[in-house]
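Engineer: As input, take final_18.txt (compact mmCIF, C-alpha atoms and all ligand atoms):
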# COMPACT_ATOMS: atom_id res chain seq x y z
CA MET A 6 0.00 0.00 0.00
CA ASN A 7 1.46 3.34 -1.02
CA LYS A 8 1.02 5.79 1.85
CA GLU A 9 2.07 9.39 2.37
CA ARG A 10 3.20 8.51 5.91
CA LYS A 11 4.71 5.21 7.11
CA LEU A 12 2.05 3.09 8.79
CA ILE A 13 2.39 2.56 12.54
CA ILE A 14 0.44 -0.36 14.00
CA ALA A 15 0.53 -0.78 17.77
CA GLY A 16 -0.90 -3.45 20.04
CA ASN A 17 -2.36 -2.10 23.27
CA TRP A 18 -2.45 -5.17 25.49
CA LYS A 19 -4.25 -3.24 28.26
CA MET A 20 -4.28 -5.17 31.59
CA ASN A 21 -3.57 -8.54 29.99
CA LYS A 22 -0.68 -11.05 29.93
CA THR A 23 1.69 -12.13 32.66
CA ALA A 24 5.38 -11.78 31.81
CA ALA A 25 5.52 -15.44 30.75
CA GLU A 26 2.47 -15.08 28.49
CA ALA A 27 3.89 -11.86 27.08
CA LEU A 28 7.08 -13.68 26.08
CA ASP A 29 5.12 -16.34 24.20
CA LEU A 30 3.22 -13.64 22.33
CA VAL A 31 6.26 -11.58 21.28
CA ASN A 32 8.28 -14.63 20.34
CA GLY A 33 5.43 -15.64 18.02
CA LEU A 34 5.19 -12.12 16.59
CA LYS A 35 8.93 -12.01 15.98
CA ARG A 36 8.71 -15.19 13.92
CA GLU A 37 5.66 -14.07 11.94
CA LEU A 38 6.72 -10.50 11.26
CA ALA A 39 10.51 -10.71 10.86
CA SER A 40 10.43 -9.65 7.21
CA VAL A 41 8.04 -6.68 7.59
CA LYS A 42 9.76 -3.37 6.86
CA GLU A 43 6.86 -1.30 5.54
CA VAL A 44 5.14 -0.81 8.92
CA ASP A 45 6.38 0.44 12.28
CA ILE A 46 5.24 -2.30 14.66
CA VAL A 47 4.84 -1.48 18.35
CA VAL A 48 3.80 -3.71 21.27
CA CYS A 49 2.55 -2.10 24.49
CA PRO A 50 2.54 -4.71 27.28
CA PRO A 51 1.67 -3.91 30.90
CA PHE A 52 4.57 -2.47 32.97
CA THR A 53 5.23 -5.82 34.63
CA ALA A 54 6.12 -7.43 31.28
CA LEU A 55 8.32 -4.61 29.90
CA ASP A 56 11.55 -6.19 31.12
CA ALA A 57 10.87 -9.60 29.59
CA VAL A 58 9.53 -8.18 26.33
CA SER A 59 12.34 -5.64 25.91
CA LYS A 60 14.95 -8.41 26.12
CA ALA A 61 13.01 -10.65 23.74
CA ILE A 62 12.68 -8.02 21.00
CA LEU A 63 16.22 -6.60 21.23
CA ASP A 64 17.35 -7.63 17.74
CA SER A 65 13.95 -7.51 16.04
CA ASN A 66 11.77 -5.05 14.10
CA LEU A 67 9.31 -4.78 17.02
CA ARG A 68 9.37 -1.59 19.10
CA LEU A 69 8.26 -1.23 22.69
CA GLY A 70 5.55 1.02 24.08
CA ALA A 71 4.13 1.63 27.57
CA GLN A 72 0.47 2.27 28.35
CA ASN A 73 0.85 5.30 30.63
CA MET A 74 3.49 7.42 32.36
CA SER A 75 3.63 9.94 35.18
CA GLU A 76 3.92 13.62 34.34
CA ASN A 77 6.46 13.82 37.19
CA GLY A 78 10.07 12.71 37.46
CA PHE A 79 11.36 10.31 40.14
CA GLY A 80 9.96 11.10 43.58
CA ALA A 81 7.22 10.58 46.14
CA TYR A 82 4.37 9.48 43.83
CA THR A 83 3.20 6.10 45.12
CA GLY A 84 2.16 3.71 42.39
CA GLU A 85 3.38 5.88 39.52
CA ILE A 86 5.98 5.16 36.80
CA ALA A 87 8.52 7.79 35.68
CA ALA A 88 10.04 8.27 32.24
CA GLY A 89 13.47 7.25 33.55
CA MET A 90 12.07 3.86 34.54
CA LEU A 91 10.62 3.26 31.08
CA LYS A 92 13.86 4.26 29.36
CA GLU A 93 15.68 1.51 31.24
CA PHE A 94 13.66 -0.98 29.15
CA SER A 95 14.21 0.77 25.81
CA VAL A 96 10.61 1.93 25.64
CA ARG A 97 10.11 4.21 22.60
CA PHE A 98 6.37 5.04 22.75
CA VAL A 99 3.91 5.85 25.53
CA ILE A 100 0.13 5.65 25.10
CA LEU A 101 -1.50 8.63 26.80
CA GLY A 102 -5.10 9.61 27.45
CA HIS A 103 -6.67 6.31 26.45
CA SER A 104 -10.44 6.54 26.84
CA GLU A 105 -10.29 3.91 29.61
CA ARG A 106 -7.98 6.20 31.60
CA ARG A 107 -10.10 9.23 30.75
CA GLN A 108 -13.13 7.31 32.07
CA TYR A 109 -11.80 5.30 35.05
CA GLN A 110 -8.92 7.51 36.24
CA LYS A 111 -10.70 10.73 35.23
CA GLU A 112 -7.68 11.98 33.29
CA PRO A 113 -8.43 15.42 31.85
CA ASP A 114 -6.89 16.93 28.71
CA ALA A 115 -4.70 19.29 30.78
CA LEU A 116 -3.04 16.32 32.54
CA ILE A 117 -2.58 14.47 29.25
CA SER A 118 -0.77 17.47 27.76
CA LYS A 119 1.55 17.62 30.80
CA LYS A 120 2.29 13.92 30.33
CA ALA A 121 2.91 14.46 26.61
CA LEU A 122 5.47 17.16 27.44
CA ALA A 123 7.14 14.83 29.97
CA VAL A 124 7.27 12.03 27.39
CA HIS A 125 8.97 14.36 24.89
CA ALA A 126 11.35 15.71 27.55
CA ALA A 127 12.57 12.12 27.93
CA ALA A 128 12.96 11.78 24.14
CA LEU A 129 10.13 9.24 23.97
CA LYS A 130 7.13 9.50 21.62
CA PRO A 131 3.57 9.83 22.91
CA ILE A 132 0.57 8.14 21.29
CA VAL A 133 -2.19 10.53 22.34
CA CYS A 134 -5.71 9.06 22.21
CA VAL A 135 -8.88 10.99 21.48
CA GLY A 136 -12.41 9.92 20.63
CA GLU A 137 -16.08 10.59 21.18
CA THR A 138 -18.64 8.49 23.09
CA LEU A 139 -21.78 7.13 21.46
CA ALA A 140 -23.92 9.81 23.14
CA GLU A 141 -21.60 12.51 21.81
CA ARG A 142 -21.74 11.11 18.27
CA GLU A 143 -25.50 10.70 18.35
CA GLY A 144 -25.82 14.22 19.73
CA GLY A 145 -23.88 15.57 16.73
CA ARG A 146 -20.98 16.66 18.90
CA THR A 147 -18.19 14.46 17.48
CA GLU A 148 -16.17 17.29 15.93
CA GLN A 149 -16.56 19.58 18.91
CA VAL A 150 -15.36 16.82 21.27
CA LEU A 151 -12.40 15.93 19.02
CA GLU A 152 -11.40 19.58 18.71
CA THR A 153 -11.48 20.05 22.51
CA GLN A 154 -9.51 16.85 23.16
CA VAL A 155 -6.91 17.47 20.44
CA THR A 156 -6.27 21.11 21.38
CA GLY A 157 -6.29 20.33 25.14
CA SER A 158 -4.19 17.15 25.06
CA LEU A 159 -1.53 18.56 22.71
CA ASP A 160 -1.41 22.02 24.25
CA GLY A 161 2.08 23.45 24.61
CA LEU A 162 3.88 21.02 22.28
CA SER A 163 6.40 22.57 19.88
CA LYS A 164 6.19 21.86 16.15
CA GLU A 165 9.24 19.61 16.48
CA GLN A 166 7.53 17.65 19.27
CA MET A 167 4.25 17.42 17.36
CA VAL A 168 5.81 15.71 14.34
CA GLU A 169 7.19 13.08 16.76
CA THR A 170 3.74 12.57 18.30
CA VAL A 171 1.23 9.96 17.15
CA VAL A 172 -2.49 10.70 17.53
CA ALA A 173 -4.90 7.77 17.92
CA TYR A 174 -8.54 8.32 16.99
CA GLU A 175 -10.52 5.80 19.03
CA PRO A 176 -14.28 6.27 19.00
CA VAL A 177 -15.28 5.01 22.46
CA TRP A 178 -18.35 3.19 21.06
CA ALA A 179 -16.09 1.07 18.83
CA ILE A 180 -13.67 -0.09 21.56
CA GLY A 181 -14.09 -3.74 22.47
CA THR A 182 -17.61 -3.76 21.07
CA GLY A 183 -17.00 -5.42 17.71
CA LYS A 184 -18.51 -2.29 16.12
CA THR A 185 -15.95 -0.68 13.85
CA ALA A 186 -16.32 2.85 12.52
CA THR A 187 -17.08 2.73 8.80
CA THR A 188 -14.17 3.70 6.60
CA GLU A 189 -16.02 6.95 5.84
CA GLN A 190 -16.50 7.74 9.56
CA ALA A 191 -12.83 7.00 10.25
CA GLN A 192 -11.51 9.00 7.29
CA SER A 193 -13.77 11.93 8.10
CA ALA A 194 -12.68 12.05 11.78
CA HIS A 195 -9.01 11.69 10.81
CA ALA A 196 -9.24 14.48 8.23
CA PHE A 197 -10.97 16.66 10.82
CA ILE A 198 -8.20 15.99 13.39
CA ARG A 199 -5.54 16.82 10.78
CA GLY A 200 -7.38 20.09 10.12
CA VAL A 201 -7.23 20.93 13.84
CA LEU A 202 -3.47 20.24 13.73
CA VAL A 203 -3.13 22.63 10.77
CA ARG A 204 -4.77 25.38 12.84
CA MET A 205 -2.72 24.56 15.99
CA PHE A 206 0.63 24.11 14.23
CA ASP A 207 0.84 24.42 10.45
CA ASP A 208 0.21 22.51 7.27
CA THR A 209 3.68 20.95 7.09
CA VAL A 210 3.47 19.66 10.65
CA ALA A 211 -0.07 18.33 10.19
CA ARG A 212 0.93 16.46 7.02
CA ARG A 213 3.71 14.67 8.91
CA VAL A 214 1.70 13.53 11.97
CA ARG A 215 0.56 9.94 11.92
CA ILE A 216 -3.03 9.36 13.02
CA GLN A 217 -3.96 5.81 14.02
CA TYR A 218 -7.47 4.40 14.07
CA GLY A 219 -8.48 2.26 17.05
CA GLY A 220 -11.70 0.37 17.82
CA SER A 221 -12.37 -3.26 16.90
CA VAL A 222 -9.62 -3.43 14.27
CA LYS A 223 -9.42 -7.01 12.94
CA PRO A 224 -7.64 -8.80 10.09
CA SER A 225 -10.85 -8.52 8.04
CA ASN A 226 -11.23 -4.74 8.24
CA ALA A 227 -7.61 -3.58 8.51
CA ARG A 228 -6.92 -3.23 4.79
CA GLU A 229 -9.93 -1.07 4.03
CA LEU A 230 -9.30 1.19 7.04
CA MET A 231 -5.60 1.58 6.23
CA SER A 232 -6.39 2.43 2.61
CA GLN A 233 -8.00 5.73 3.69
CA PRO A 234 -5.73 8.69 2.95
CA ASP A 235 -5.66 10.08 6.52
CA VAL A 236 -5.52 6.72 8.33
CA ASP A 237 -1.85 6.08 9.07
CA GLY A 238 -2.04 3.00 11.25
CA ALA A 239 -3.98 1.27 13.97
CA LEU A 240 -4.08 0.97 17.73
CA VAL A 241 -5.29 -2.56 18.31
CA GLY A 242 -6.73 -3.89 21.56
CA GLY A 243 -8.31 -7.36 21.66
CA ALA A 244 -6.89 -8.57 18.35
CA SER A 245 -3.33 -7.74 19.49
CA LEU A 246 -3.45 -10.43 22.18
CA GLU A 247 -3.06 -13.33 19.70
CA VAL A 248 -0.12 -13.85 17.33
CA ARG A 249 -2.34 -14.84 14.42
CA SER A 250 -4.73 -11.90 14.49
CA PHE A 251 -2.14 -9.17 15.18
CA ALA A 252 0.24 -10.53 12.54
CA ASP A 253 -2.59 -10.77 10.00
CA ILE A 254 -3.70 -7.18 10.69
CA ILE A 255 -0.16 -6.06 9.84
CA LYS A 256 0.22 -8.29 6.80
CA ASN A 257 -3.20 -7.26 5.45
CA SER A 258 -2.25 -3.59 5.81
CA ILE A 259 0.87 -3.72 3.64
P1 LIG B 301 -10.26 -3.08 20.67
O1 LIG B 301 -9.36 -3.29 19.48
O2 LIG B 301 -10.31 -4.24 21.60
O3 LIG B 301 -11.61 -2.56 20.25
O4 LIG B 301 -9.58 -1.90 21.55
C1 LIG B 301 -9.17 -0.75 20.92
C2 LIG B 301 -8.35 0.03 21.89
O5 LIG B 301 -8.84 0.54 22.88
C3 LIG B 301 -6.91 0.14 21.61
O6 LIG B 301 -6.31 1.10 22.43
Just dump the structure as structure tokens.
Ligand code: 13P

Structural biologist:
Amino acid sequence: MNKERKLIIAGNWKMNKTAAEALDLVNGLKRELASVKEVDIVVCPPFTALDAVSKAILDSNLRLGAQNMSENGFGAYTGEIAAGMLKEFSVRFVILGHSERRQYQKEPDALISKKALAVHAAALKPIVCVGETLAEREGGRTEQVLETQVTGSLDGLSKEQMVETVVAYEPVWAIGTGKTATTEQAQSAHAFIRGVLVRMFDDTVARRVRIQYGGSVKPSNARELMSQPDVDGALVGGASLEVRSFADIIKNSI
């Protein structure tokens, strides 16, 4: 597939897999995906499996991501994880502002932007998630919600930091529900987000930012979604937990 931006497909394992299970999964992925050069492939295990996974993927084309990070450096923040801890395991990407954290941990846009700045300060790359709920879509507020989340969560980033940031559009109603956004809904939301980035930064920056789609991505729908001009990859939940389905999503997207 000939794309303006290199595809980036990431597996968000959420709160799944022990370290031993994580090793089985990445060893399978390494075997299946060794020859893939056209896509940036990222796996985001839970913190407790970062050590095992980072060693297993050392000489492979898989890159490592974390699912969250503190906005603070080392210090008295019980239960939190600092950038310096992630860097020890060669983490390259950090998912921020996932809708589950927005919902369960009540993370607001202002906190997500602080975390994004901390991720960049550590020379890591954030994957910043945005997306509307079903009620917001049905109420005709999708674009308003996306504009608020994009401007709030990416507030204060420099142009140089923005081009090293990945945005993930994840409509909340499509996450874990088996309901995928239609290709038209995905393309339209992605183009809208890119337009917000043009206004916040400029056209050159916006054209370089990769925007992933997330929400019930499967081997059967990956190709059509990835063929949309503003869809530059996927953030995969459930289907990233099995070698077969995650590998097929990547192979079907090339
Ligand atoms: P599913 O692929 O399970 O719908 O999850 C999407 C997601 O939330 C990825 O971050």

Engineer: For A:Met90, please output as a list in words all residues within 10 Å (counting all atoms listed in the file; exclusion window: fewer than 2 positions along the same chain).

Structural biologist: Phe52, Met74, Gly78, Phe79, Ile86, Ala87, Ala88, Lys92, Glu93, Phe94, Ser95 and Val96 of chain A

Engineer: Quick one, how far is atom CA of A:Lys223 from atom O6 of ligand LIG 301 (chain B)?

Structural biologist: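 Value for the atom CA of A:Lys223-atom O6 of ligand LIG 301 (chain B) distance: 12.9 Å.
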
Engineer: Measure the distance from atom CA of A:Ala211 to atom CA of A:Val155 in Å and round it to one decimal.

Structural biologist: 12.4 Å

Engineer: Interatomic distance between atom CA of A:Asn17 and atom CA of A:Ala239?

Structural biologist: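 One can read the atom CA of A:Asn17 to atom CA of A:Ala239 distance as 10.0 Å.
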
Engineer: Within 9 Å of A:Ala115, counting only C-alpha atoms, which residues qualify if same-chain residues fewer than 2 places away don't, as a count of residues only?

Structural biologist: 10

Engineer: Within 7 Å of ligand LIG 301 (chain B), which residues show up when you count all atoms listed in the file? List them as a PyMOL selection string, please.

Structural biologist: chain A and resi 17+103+175+179-183+219-222+240-244

Engineer: Write a file of the selected residues as a PDB file, keeping the file's coordinate frame, keeping C-alpha atoms.

Structural biologist:
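again.pdb was written with the following content:
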ATOM      1  CA  ASN A  17      -2.360  -2.100  23.270  1.00  0.00           C
ATOM      2  CA  HIS A 103      -6.670   6.310  26.450  1.00  0.00           C
ATOM      3  CA  GLU A 175     -10.520   5.800  19.030  1.00  0.00           C
ATOM      4  CA  ALA A 179     -16.090   1.070  18.830  1.00  0.00           C
ATOM      5  CA  ILE A 180     -13.670  -0.090  21.560  1.00  0.00           C
ATOM      6  CA  GLY A 181     -14.090  -3.740  22.470  1.00  0.00           C
ATOM      7  CA  THR A 182     -17.610  -3.760  21.070  1.00  0.00           C
ATOM      8  CA  GLY A 183     -17.000  -5.420  17.710  1.00  0.00           C
ATOM      9  CA  GLY A 219      -8.480   2.260  17.050  1.00  0.00           C
ATOM     10  CA  GLY A 220     -11.700   0.370  17.820  1.00  0.00           C
ATOM     11  CA  SER A 221     -12.370  -3.260  16.900  1.00  0.00           C
ATOM     12  CA  VAL A 222      -9.620  -3.430  14.270  1.00  0.00           C
ATOM     13  CA  LEU A 240      -4.080   0.970  17.730  1.00  0.00           C
ATOM     14  CA  VAL A 241      -5.290  -2.560  18.310  1.00  0.00           C
ATOM     15  CA  GLY A 242      -6.730  -3.890  21.560  1.00  0.00           C
ATOM     16  CA  GLY A 243      -8.310  -7.360  21.660  1.00  0.00           C
ATOM     17  CA  ALA A 244      -6.890  -8.570  18.350  1.00  0.00           C
TER      18      ALA A 244
END

Engineer: Compare A:Val203, A:Ala186, A:Leu67, A:Leu151 by their minimum atom-to-atom distance to A:Glu37, counting all atoms listed in the file, and give me the closest one.

Structural biologist: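 Comparing A:Val203, A:Ala186, A:Leu67, A:Leu151 against A:Glu37, the winner is A:Leu67.
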
Engineer: What's around A:Ile62 at 12 Å? Count only C-alpha atoms, leave out sequence neighbours fewer than 6 positions away in its own chain, and write the answer as a ChimeraX atom specification.

Structural biologist: /A:27-36,38-39,46-48,55-56,68-70,94-96

Engineer: Write out as an NGL selection string the residues lying within 7 Å of A:Arg228, counting all atoms listed in the file and excluding same-chain residues fewer than 3 positions away.

Structural biologist: :A and (231-232 or 257-258)

Engineer: Could you turn the residues from that selection into a file that holds C-alpha atoms, as a short mmCIF file (atom, residue, chain, number, x, y, z; two decimals), keeping the file's coordinate frame?

Structural biologist:
data_model
loop_
_atom_site.label_atom_id
_atom_site.label_comp_id
_atom_site.auth_asym_id
_atom_site.auth_seq_id
_atom_site.Cartn_x
_atom_site.Cartn_y
_atom_site.Cartn_z
CA MET A 231 -5.60 1.58 6.23
CA SER A 232 -6.39 2.43 2.61
CA ASN A 257 -3.20 -7.26 5.45
CA SER A 258 -2.25 -3.59 5.81
#

Engineer: Pick out the closest residue to A:Tyr218 from this set: A:Ala57, A:Val201, A:Val133, A:Leu139. Count all atoms listed in the file.

Structural biologist: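 With all atoms listed in the file as the atom set, the closest residue is A:Val133.
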
Engineer: Can you work out which one of A:Gln166, A:Thr156, A:Ser245, A:Thr138 has the shortest atom-to-atom distance to A:Gly200, counting all atoms listed in the file?

Structural biologist: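 Closest candidate: A:Thr156.
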
Engineer: I'd like to know which of A:Ala123, A:Val58, A:Leu12, A:Glu105 is closest to A:Asn77, using all atoms listed in the file.

Structural biologist: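 Closest candidate: A:Ala123.
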
Engineer: Measuring between all atoms listed in the file, which one of A:Ala15, A:Val236, A:Val210, A:Ala173 shows the shortest distance to A:Gln192?

Structural biologist: A:Val236

Engineer: What lies within 9 Å of A:His125 using all atoms listed in the file, ignoring chain neighbours under 6 positions off, as an mmCIF file with C-alpha atoms, keeping the file's coordinate frame?

Structural biologist:
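The resulting file, out_18.cif, is shown below:
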data_model
loop_
_atom_site.group_PDB
_atom_site.id
_atom_site.type_symbol
_atom_site.label_atom_id
_atom_site.label_comp_id
_atom_site.auth_asym_id
_atom_site.auth_seq_id
_atom_site.Cartn_x
_atom_site.Cartn_y
_atom_site.Cartn_z
ATOM 1 C CA PRO A 131 3.570 9.830 22.910
ATOM 2 C CA LEU A 162 3.880 21.020 22.280
ATOM 3 C CA GLN A 166 7.530 17.650 19.270
ATOM 4 C CA GLU A 169 7.190 13.080 16.760
ATOM 5 C CA THR A 170 3.740 12.570 18.300
#

Engineer: Between A:Arg106, A:Lys60, A:Lys42, A:Lys8, single out the one closest to A:Met20, counting all atoms listed in the file.

Structural biologist: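 Comparing A:Arg106, A:Lys60, A:Lys42, A:Lys8 against A:Met20, the winner is A:Arg106.
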